[in-house]
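I have placed the structure first, in the form of structure tokens, so that the comments after it can refer back to it.
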Amino acid sequence: MQPVCATILLRMLSFEDARQLVITQTKAHATARHTVTLSVSDALGYILAQEVRCDREYPPFDRSTRDGYAVRAKEALRGARLLCAGEIKAGDTVSEQLAPGTCVQIMTGAAIPPSADAVVMIEYTRRENETVIFDRATQPGQNFIPRGSEARSGDLALFPGLRLGFAEMAVAAQVGATTLLCHKKPRVAILSTGDEVVPITETPGPFHIRNSNTVSLSAQIRLAGGEPVPLVNALDRADDLSTKIQQGLRDDILVLSGGVSMGKYDLVEPVLKGMGAEFYFDAVALRPGKPTVFGRCGKTWLFGLPGNPISTMVTFQLFVIPAIDILNGAAARPLPLLQATLSEPVQEKPGLTHFLPSRLEWQGQSPQVRALPWQGSGDIAALTRAHCFLVVPADRPDIPAGEKVSVLPRFDVL
Ligand code: AMP
Ligand code: MG
């Protein structure tokens, strides 16, 4: 096949509108996901497909949050002396009432005996043989977590659509849910393109480059909650592209790198079009990442990301993550923008939102951000020194030092 003519131009969108379009389109076509049962320890990053309910009350007994003495608060006045009637440690069975005029030594996590209504920290007491002297007044309920105050038996602890992080996994473990029904991760095919791109296991010729994008995209897909399916690089020829794209159309998402600019050999969009794809956008007012393409072919979502490595990484984070979230059966995560103070001025061209590799530094509690020197969107080494991207708005390209700016953390670093 001969090279087909260049890109089909749609309206250029702001990155916010483009991202929103990814969310609305993928949501509108959402279908039921397949599920898999996993051991709770293996479920990190999966999306829950079931309810998990509390098997009993939490805490299951009146629990002490401190090492100290369990007391009747009205008896443990400032200067009061109470007889220590024994000790309770975590795990001990407790049934006996606390006798009037006594206290009992208690450890953090232990059950508070019936009739006691407070725990006094050991630091606020003195001990004389079997007598305990209290240094300050005691409030009922202090250091005392009543049985069932966190959750009742049968309460919903985790719900479908929830992303399983370490806290959610701990709740499942706490209520005895040792296996969890989760959504299968969406399969994301990766197709790098370019005559200059060679496999990383080969020695590149003098004008060739190694295929780093397939490696970085696999890592980004895995971190985002997808299952990467790397394909063999496609040459800048319509026939080879079309054969390899066909393979990618077996999966939920196909991410292409390269071949989406205006060059004579940038054939991704026309080839996809020839295969029946529809497009929602093919230009975003963004640098790096302007020629990004989003569309759909059959049941497969398509992302054509520009091939320069930092463009590929930024556009993946902005546009592909929300699609992975939605295909996973979750809500799209909001873009985790932070506010920081600019420590050195920046000056960029107007009309495009710039994402500049930057470093965050903390002065006390407030973050300061500084753009790093870089040679443009091929300079991956610069990105290894960056925590984040400084966002320079399209309509505010000159920003003096000292202003508050938005930063997008690298989602693998911060
Ligand atoms: P393109 O978007 O196809 O014009 O590619 C732009 C530049 O990105 C190329 O000149 C390469 O230097 C680089 N590039 C393209 N594909 C890859 C890849 N798979 N891995 C690393 N760099 C790439
Ligand atoms: Mg190319």
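The chains in the structure tokens are called A, B, ... from first to last as shown; in each chain the residues are counted from 1, and the ligands are counted from 1 in the order shown.
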Among the residues of segment 47-174 of chain A, find those DSSP assigns to strand (DSSP E or B) from the backbone and print them as a VMD selection string. chain A and resid 47 to 48 52 to 53 58 63 to 64 68 to 71 81 to 88 102 to 106 111 118 to 121 125 to 128 131 to 134 144 to 145 151 156 to 158 163
Exercise. Can you list, as a ChimeraX atom specification, all residues belonging to segment 94-241 of chain A that DSSP tags as helix (DSSP H, G or I)?
Key: /A:122-124,166-174,212-224,238-241
Residue subset to file, keeping C-alpha atoms, as a PDB file, in the first residue's frame:
ATOM      1  CA  ILE A 122      -0.097   5.874  82.684  1.00  0.00           C
ATOM      2  CA  GLU A 123       1.791   9.181  82.256  1.00  0.00           C
ATOM      3  CA  TYR A 124      -0.912  10.952  84.368  1.00  0.00           C
ATOM      4  CA  PHE A 166      -3.872  -1.076  51.304  1.00  0.00           C
ATOM      5  CA  ALA A 167      -6.613   0.336  53.571  1.00  0.00           C
ATOM      6  CA  GLU A 168      -9.410  -1.421  51.649  1.00  0.00           C
ATOM      7  CA  MET A 169      -7.424  -4.686  51.684  1.00  0.00           C
ATOM      8  CA  ALA A 170      -6.967  -4.307  55.446  1.00  0.00           C
ATOM      9  CA  VAL A 171     -10.726  -3.827  55.963  1.00  0.00           C
ATOM     10  CA  ALA A 172     -11.421  -6.985  53.920  1.00  0.00           C
ATOM     11  CA  ALA A 173      -8.851  -8.855  56.002  1.00  0.00           C
ATOM     12  CA  GLN A 174     -10.346  -7.467  59.236  1.00  0.00           C
ATOM     13  CA  SER A 212      11.596   2.550  25.053  1.00  0.00           C
ATOM     14  CA  ASN A 213       7.940   3.560  24.654  1.00  0.00           C
ATOM     15  CA  THR A 214       6.672  -0.017  24.791  1.00  0.00           C
ATOM     16  CA  VAL A 215       8.515  -0.454  28.100  1.00  0.00           C
ATOM     17  CA  SER A 216       7.274   2.823  29.634  1.00  0.00           C
ATOM     18  CA  LEU A 217       3.714   2.284  28.378  1.00  0.00           C
ATOM     19  CA  SER A 218       3.639  -1.258  29.832  1.00  0.00           C
ATOM     20  CA  ALA A 219       4.713   0.169  33.190  1.00  0.00           C
ATOM     21  CA  GLN A 220       2.173   2.981  33.039  1.00  0.00           C
ATOM     22  CA  ILE A 221      -0.627   0.586  32.057  1.00  0.00           C
ATOM     23  CA  ARG A 222       0.244  -1.773  34.895  1.00  0.00           C
ATOM     24  CA  LEU A 223       0.353   1.078  37.425  1.00  0.00           C
ATOM     25  CA  ALA A 224      -2.942   2.463  36.143  1.00  0.00           C
ATOM     26  CA  ALA A 238       0.023   1.364   5.692  1.00  0.00           C
ATOM     27  CA  ASP A 239       0.038  -2.416   5.125  1.00  0.00           C
ATOM     28  CA  ASP A 240       2.227  -3.211   8.143  1.00  0.00           C
ATOM     29  CA  LEU A 241       0.347  -0.745  10.340  1.00  0.00           C
TER      30      LEU A 241
END
### Expected answer as a ChimeraX atom specification: residues within 8 Å of ligand 2, only C-alpha atoms and all ligand atoms
/A:193-196,236,258-261,265-266,307
Atom CA of Ile145 of chain A to atom CA of Ile88 of chain A measures 15.9 Å
As a check of understanding: the span from atom CA of Pro350 of chain A to atom CA of Gly376 of chain A is 16.8 Å
Show which residues sit within 9 Å of segment 13-24 of chain A, as a list in words. Count only C-alpha atoms, and ignore same-chain residues fewer than 2 positions away.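 Once the adjacent positions are removed, what remains is Leu10, Arg11, Thr26, Lys27, Ala28, His29, Tyr280, Phe281, Asp282, Ala283, Val284, Ala285, Leu286, Phe294, Gly295, Leu318, Phe319, Val320, Pro322, Ala323, Ile326, Ala332, Leu352, Thr353 and Ala394 of chain A.
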Store the residues picked out above in a file with N, CA and C atoms, as an mmCIF file, in the first residue's frame.
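Saved the output as out_26.cif:
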data_model
loop_
_atom_site.group_PDB
_atom_site.id
_atom_site.type_symbol
_atom_site.label_atom_id
_atom_site.label_comp_id
_atom_site.auth_asym_id
_atom_site.auth_seq_id
_atom_site.Cartn_x
_atom_site.Cartn_y
_atom_site.Cartn_z
ATOM 1 N N LEU A 10 -9.532 17.396 13.178
ATOM 2 C CA LEU A 10 -10.743 17.774 13.900
ATOM 3 C C LEU A 10 -10.411 19.051 14.664
ATOM 4 N N ARG A 11 -11.405 19.578 15.367
ATOM 5 C CA ARG A 11 -11.193 20.792 16.161
ATOM 6 C C ARG A 11 -10.190 20.533 17.289
ATOM 7 N N THR A 26 -16.263 6.870 27.048
ATOM 8 C CA THR A 26 -16.035 5.516 27.581
ATOM 9 C C THR A 26 -17.171 5.136 28.546
ATOM 10 N N LYS A 27 -17.667 6.113 29.284
ATOM 11 C CA LYS A 27 -18.794 5.839 30.196
ATOM 12 C C LYS A 27 -20.036 5.463 29.405
ATOM 13 N N ALA A 28 -20.293 6.202 28.324
ATOM 14 C CA ALA A 28 -21.517 5.992 27.540
ATOM 15 C C ALA A 28 -21.562 4.585 26.947
ATOM 16 N N HIS A 29 -20.389 4.003 26.692
ATOM 17 C CA HIS A 29 -20.361 2.678 26.071
ATOM 18 C C HIS A 29 -19.984 1.587 27.062
ATOM 19 N N TYR A 280 -12.810 11.103 18.045
ATOM 20 C CA TYR A 280 -13.457 12.135 18.868
ATOM 21 C C TYR A 280 -12.585 13.379 18.961
ATOM 22 N N PHE A 281 -11.278 13.188 18.972
ATOM 23 C CA PHE A 281 -10.362 14.332 18.809
ATOM 24 C C PHE A 281 -9.054 13.835 18.231
ATOM 25 N N ASP A 282 -8.351 14.761 17.548
ATOM 26 C CA ASP A 282 -7.019 14.402 17.037
ATOM 27 C C ASP A 282 -6.028 15.547 17.189
ATOM 28 N N ALA A 283 -6.387 16.503 18.047
ATOM 29 C CA ALA A 283 -5.450 17.585 18.357
ATOM 30 C C ALA A 283 -5.857 18.187 19.698
ATOM 31 N N VAL A 284 -4.867 18.388 20.554
ATOM 32 C CA VAL A 284 -5.125 18.952 21.876
ATOM 33 C C VAL A 284 -4.169 20.134 22.058
ATOM 34 N N ALA A 285 -4.668 21.226 22.626
ATOM 35 C CA ALA A 285 -3.840 22.426 22.814
ATOM 36 C C ALA A 285 -2.876 22.187 23.974
ATOM 37 N N LEU A 286 -1.873 21.395 23.711
ATOM 38 C CA LEU A 286 -1.035 20.813 24.756
ATOM 39 C C LEU A 286 0.389 20.679 24.247
ATOM 40 N N PHE A 294 -7.863 10.347 19.804
ATOM 41 C CA PHE A 294 -8.731 9.450 20.583
ATOM 42 C C PHE A 294 -9.894 9.030 19.700
ATOM 43 N N GLY A 295 -10.144 7.741 19.652
ATOM 44 C CA GLY A 295 -11.242 7.249 18.824
ATOM 45 C C GLY A 295 -11.646 5.850 19.221
ATOM 46 N N LEU A 318 -2.741 11.835 31.106
ATOM 47 C CA LEU A 318 -3.906 12.715 31.000
ATOM 48 C C LEU A 318 -5.134 11.994 30.440
ATOM 49 N N PHE A 319 -4.923 11.144 29.427
ATOM 50 C CA PHE A 319 -6.079 10.647 28.651
ATOM 51 C C PHE A 319 -6.345 9.152 28.790
ATOM 52 N N VAL A 320 -5.301 8.338 28.930
ATOM 53 C CA VAL A 320 -5.553 6.883 28.911
ATOM 54 C C VAL A 320 -5.985 6.393 30.297
ATOM 55 N N PRO A 322 -8.007 7.692 32.613
ATOM 56 C CA PRO A 322 -9.458 7.680 32.872
ATOM 57 C C PRO A 322 -10.191 6.584 32.107
ATOM 58 N N ALA A 323 -9.733 6.256 30.900
ATOM 59 C CA ALA A 323 -10.395 5.182 30.137
ATOM 60 C C ALA A 323 -10.158 3.840 30.832
ATOM 61 N N ILE A 326 -12.492 3.564 33.831
ATOM 62 C CA ILE A 326 -13.900 3.317 33.508
ATOM 63 C C ILE A 326 -14.079 1.888 32.978
ATOM 64 N N ALA A 332 -13.651 7.493 37.005
ATOM 65 C CA ALA A 332 -12.351 8.049 36.596
ATOM 66 C C ALA A 332 -11.771 8.825 37.774
ATOM 67 N N LEU A 352 -1.002 27.045 24.104
ATOM 68 C CA LEU A 352 -0.950 25.627 24.462
ATOM 69 C C LEU A 352 -0.706 25.524 25.959
ATOM 70 N N THR A 353 -1.300 24.551 26.600
ATOM 71 C CA THR A 353 -0.954 24.289 28.003
ATOM 72 C C THR A 353 0.324 23.463 28.010
ATOM 73 N N ALA A 394 -2.473 27.812 29.006
ATOM 74 C CA ALA A 394 -2.394 28.341 27.636
ATOM 75 C C ALA A 394 -2.530 29.865 27.612
#
- Counting only C-alpha atoms, what is within 10 Å of segment 30-37 of chain A, bar same-chain residues fewer than 2 positions away, as an MDAnalysis selection string? chainID A and resid 24:28 39:40 42:43 46:50 179:186 326:329
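In this comparison, which uses only C-alpha atoms, the residue of A:Thr315, A:Ser192, A:Thr384, A:Thr138 approaching Lys244 of chain A most closely is A:Ser192.
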| Which value, in Å to one decimal, gives the distance between atom CA of Leu82 of chain A and atom CA of Val104 of chain A? |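 Taking atom CA of Leu82 of chain A as the start and atom CA of Val104 of chain A as the end point, the length is 9.3 Å.
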Of A:Pro199, A:Pro345, A:Pro409, A:Pro204, the one nearest to ligand 1 when counting only C-alpha atoms and all ligand atoms is A:Pro199
Counting only C-alpha atoms and all ligand atoms, the residue among A:Thr292, A:Gln105, A:Thr203, A:Ser257 that lies closest to ligand 1 is A:Ser257
* Find the spatial neighbours of Ala386 of chain A, counting only C-alpha atoms, within a cut-off of 12 Å - ignore same-chain residues fewer than 3 positions away - and output them as a ChimeraX atom specification. => /A:310,355-361,369-374,379-383,389-390,407-414
Please produce an output containing N, CA and C atoms for each residue in the selection, written as a PDB file, in the first residue's frame.
ATOM      1  N   ILE A 310       8.435  11.675  26.190  1.00  0.00           N
ATOM      2  CA  ILE A 310       7.750  12.432  27.249  1.00  0.00           C
ATOM      3  C   ILE A 310       6.329  12.789  26.799  1.00  0.00           C
ATOM      4  N   PHE A 355       3.271  21.252  29.902  1.00  0.00           N
ATOM      5  CA  PHE A 355       3.578  20.380  31.049  1.00  0.00           C
ATOM      6  C   PHE A 355       5.097  20.230  31.097  1.00  0.00           C
ATOM      7  N   LEU A 356       5.730  20.911  32.062  1.00  0.00           N
ATOM      8  CA  LEU A 356       7.197  20.960  32.103  1.00  0.00           C
ATOM      9  C   LEU A 356       7.730  20.049  33.215  1.00  0.00           C
ATOM     10  N   PRO A 357       8.672  19.151  32.889  1.00  0.00           N
ATOM     11  CA  PRO A 357       9.264  18.304  33.936  1.00  0.00           C
ATOM     12  C   PRO A 357       9.852  19.184  35.040  1.00  0.00           C
ATOM     13  N   SER A 358       9.473  18.919  36.282  1.00  0.00           N
ATOM     14  CA  SER A 358       9.802  19.838  37.376  1.00  0.00           C
ATOM     15  C   SER A 358      10.098  19.081  38.654  1.00  0.00           C
ATOM     16  N   ARG A 359      10.712  19.823  39.559  1.00  0.00           N
ATOM     17  CA  ARG A 359      11.026  19.243  40.881  1.00  0.00           C
ATOM     18  C   ARG A 359      10.259  19.966  41.957  1.00  0.00           C
ATOM     19  N   LEU A 360       9.728  19.189  42.873  1.00  0.00           N
ATOM     20  CA  LEU A 360       9.077  19.771  44.046  1.00  0.00           C
ATOM     21  C   LEU A 360      10.058  19.742  45.195  1.00  0.00           C
ATOM     22  N   GLU A 361      10.130  20.850  45.925  1.00  0.00           N
ATOM     23  CA  GLU A 361      10.922  20.861  47.147  1.00  0.00           C
ATOM     24  C   GLU A 361      10.048  21.434  48.256  1.00  0.00           C
ATOM     25  N   VAL A 369       8.036  24.645  43.538  1.00  0.00           N
ATOM     26  CA  VAL A 369       8.289  23.885  42.315  1.00  0.00           C
ATOM     27  C   VAL A 369       9.217  24.658  41.385  1.00  0.00           C
ATOM     28  N   ARG A 370      10.064  23.909  40.697  1.00  0.00           N
ATOM     29  CA  ARG A 370      11.046  24.514  39.785  1.00  0.00           C
ATOM     30  C   ARG A 370      11.104  23.654  38.529  1.00  0.00           C
ATOM     31  N   ALA A 371      10.943  24.314  37.364  1.00  0.00           N
ATOM     32  CA  ALA A 371      11.052  23.580  36.085  1.00  0.00           C
ATOM     33  C   ALA A 371      12.513  23.216  35.868  1.00  0.00           C
ATOM     34  N   LEU A 372      12.761  22.024  35.352  1.00  0.00           N
ATOM     35  CA  LEU A 372      14.132  21.548  35.131  1.00  0.00           C
ATOM     36  C   LEU A 372      14.564  21.863  33.702  1.00  0.00           C
ATOM     37  N   PRO A 373      15.867  22.061  33.521  1.00  0.00           N
ATOM     38  CA  PRO A 373      16.332  22.211  32.135  1.00  0.00           C
ATOM     39  C   PRO A 373      16.077  20.917  31.370  1.00  0.00           C
ATOM     40  N   TRP A 374      15.621  21.024  30.129  1.00  0.00           N
ATOM     41  CA  TRP A 374      15.412  19.816  29.312  1.00  0.00           C
ATOM     42  C   TRP A 374      15.535  20.166  27.845  1.00  0.00           C
ATOM     43  N   ASP A 379      13.708  14.050  25.824  1.00  0.00           N
ATOM     44  CA  ASP A 379      14.734  14.026  26.870  1.00  0.00           C
ATOM     45  C   ASP A 379      14.236  13.263  28.106  1.00  0.00           C
ATOM     46  N   ILE A 380      14.242  11.929  27.991  1.00  0.00           N
ATOM     47  CA  ILE A 380      13.711  11.126  29.107  1.00  0.00           C
ATOM     48  C   ILE A 380      14.593  11.267  30.340  1.00  0.00           C
ATOM     49  N   ALA A 381      15.907  11.466  30.121  1.00  0.00           N
ATOM     50  CA  ALA A 381      16.815  11.574  31.270  1.00  0.00           C
ATOM     51  C   ALA A 381      16.382  12.729  32.174  1.00  0.00           C
ATOM     52  N   ALA A 382      15.906  13.837  31.576  1.00  0.00           N
ATOM     53  CA  ALA A 382      15.454  14.977  32.385  1.00  0.00           C
ATOM     54  C   ALA A 382      14.283  14.560  33.271  1.00  0.00           C
ATOM     55  N   LEU A 383      13.435  13.690  32.733  1.00  0.00           N
ATOM     56  CA  LEU A 383      12.241  13.297  33.495  1.00  0.00           C
ATOM     57  C   LEU A 383      12.607  12.434  34.710  1.00  0.00           C
ATOM     58  N   PHE A 389       5.010  17.448  36.712  1.00  0.00           N
ATOM     59  CA  PHE A 389       4.968  18.389  35.598  1.00  0.00           C
ATOM     60  C   PHE A 389       4.344  19.683  36.107  1.00  0.00           C
ATOM     61  N   LEU A 390       5.046  20.784  35.840  1.00  0.00           N
ATOM     62  CA  LEU A 390       4.487  22.100  36.153  1.00  0.00           C
ATOM     63  C   LEU A 390       3.518  22.452  35.022  1.00  0.00           C
ATOM     64  N   VAL A 407       0.626  21.713  39.724  1.00  0.00           N
ATOM     65  CA  VAL A 407       1.578  20.697  39.284  1.00  0.00           C
ATOM     66  C   VAL A 407       0.864  19.352  39.232  1.00  0.00           C
ATOM     67  N   LEU A 408       1.256  18.570  38.229  1.00  0.00           N
ATOM     68  CA  LEU A 408       0.710  17.218  38.085  1.00  0.00           C
ATOM     69  C   LEU A 408       1.812  16.249  38.502  1.00  0.00           C
ATOM     70  N   PRO A 409       1.639  15.559  39.651  1.00  0.00           N
ATOM     71  CA  PRO A 409       2.676  14.620  40.070  1.00  0.00           C
ATOM     72  C   PRO A 409       2.815  13.478  39.063  1.00  0.00           C
ATOM     73  N   ARG A 410       4.044  13.007  38.859  1.00  0.00           N
ATOM     74  CA  ARG A 410       4.227  11.750  38.121  1.00  0.00           C
ATOM     75  C   ARG A 410       3.536  10.678  38.944  1.00  0.00           C
ATOM     76  N   PHE A 411       2.649   9.887  38.329  1.00  0.00           N
ATOM     77  CA  PHE A 411       1.829   9.007  39.168  1.00  0.00           C
ATOM     78  C   PHE A 411       2.583   7.783  39.661  1.00  0.00           C
ATOM     79  N   ASP A 412       3.846   7.633  39.248  1.00  0.00           N
ATOM     80  CA  ASP A 412       4.653   6.540  39.797  1.00  0.00           C
ATOM     81  C   ASP A 412       5.605   7.033  40.869  1.00  0.00           C
ATOM     82  N   VAL A 413       5.734   8.337  41.040  1.00  0.00           N
ATOM     83  CA  VAL A 413       6.763   8.882  41.937  1.00  0.00           C
ATOM     84  C   VAL A 413       6.154   9.479  43.197  1.00  0.00           C
ATOM     85  N   LEU A 414       5.074  10.254  43.060  1.00  0.00           N
ATOM     86  CA  LEU A 414       4.470  10.894  44.235  1.00  0.00           C
ATOM     87  C   LEU A 414       3.124  10.260  44.540  1.00  0.00           C
TER      88      LEU A 414
END
(message) Residues within 6 Å of Arg187 of chain A, please, as a PyMOL selection string. Count only C-alpha atoms; anything in the same chain fewer than 4 positions from it doesn't count.
(response) chain A and resi 227+251-252
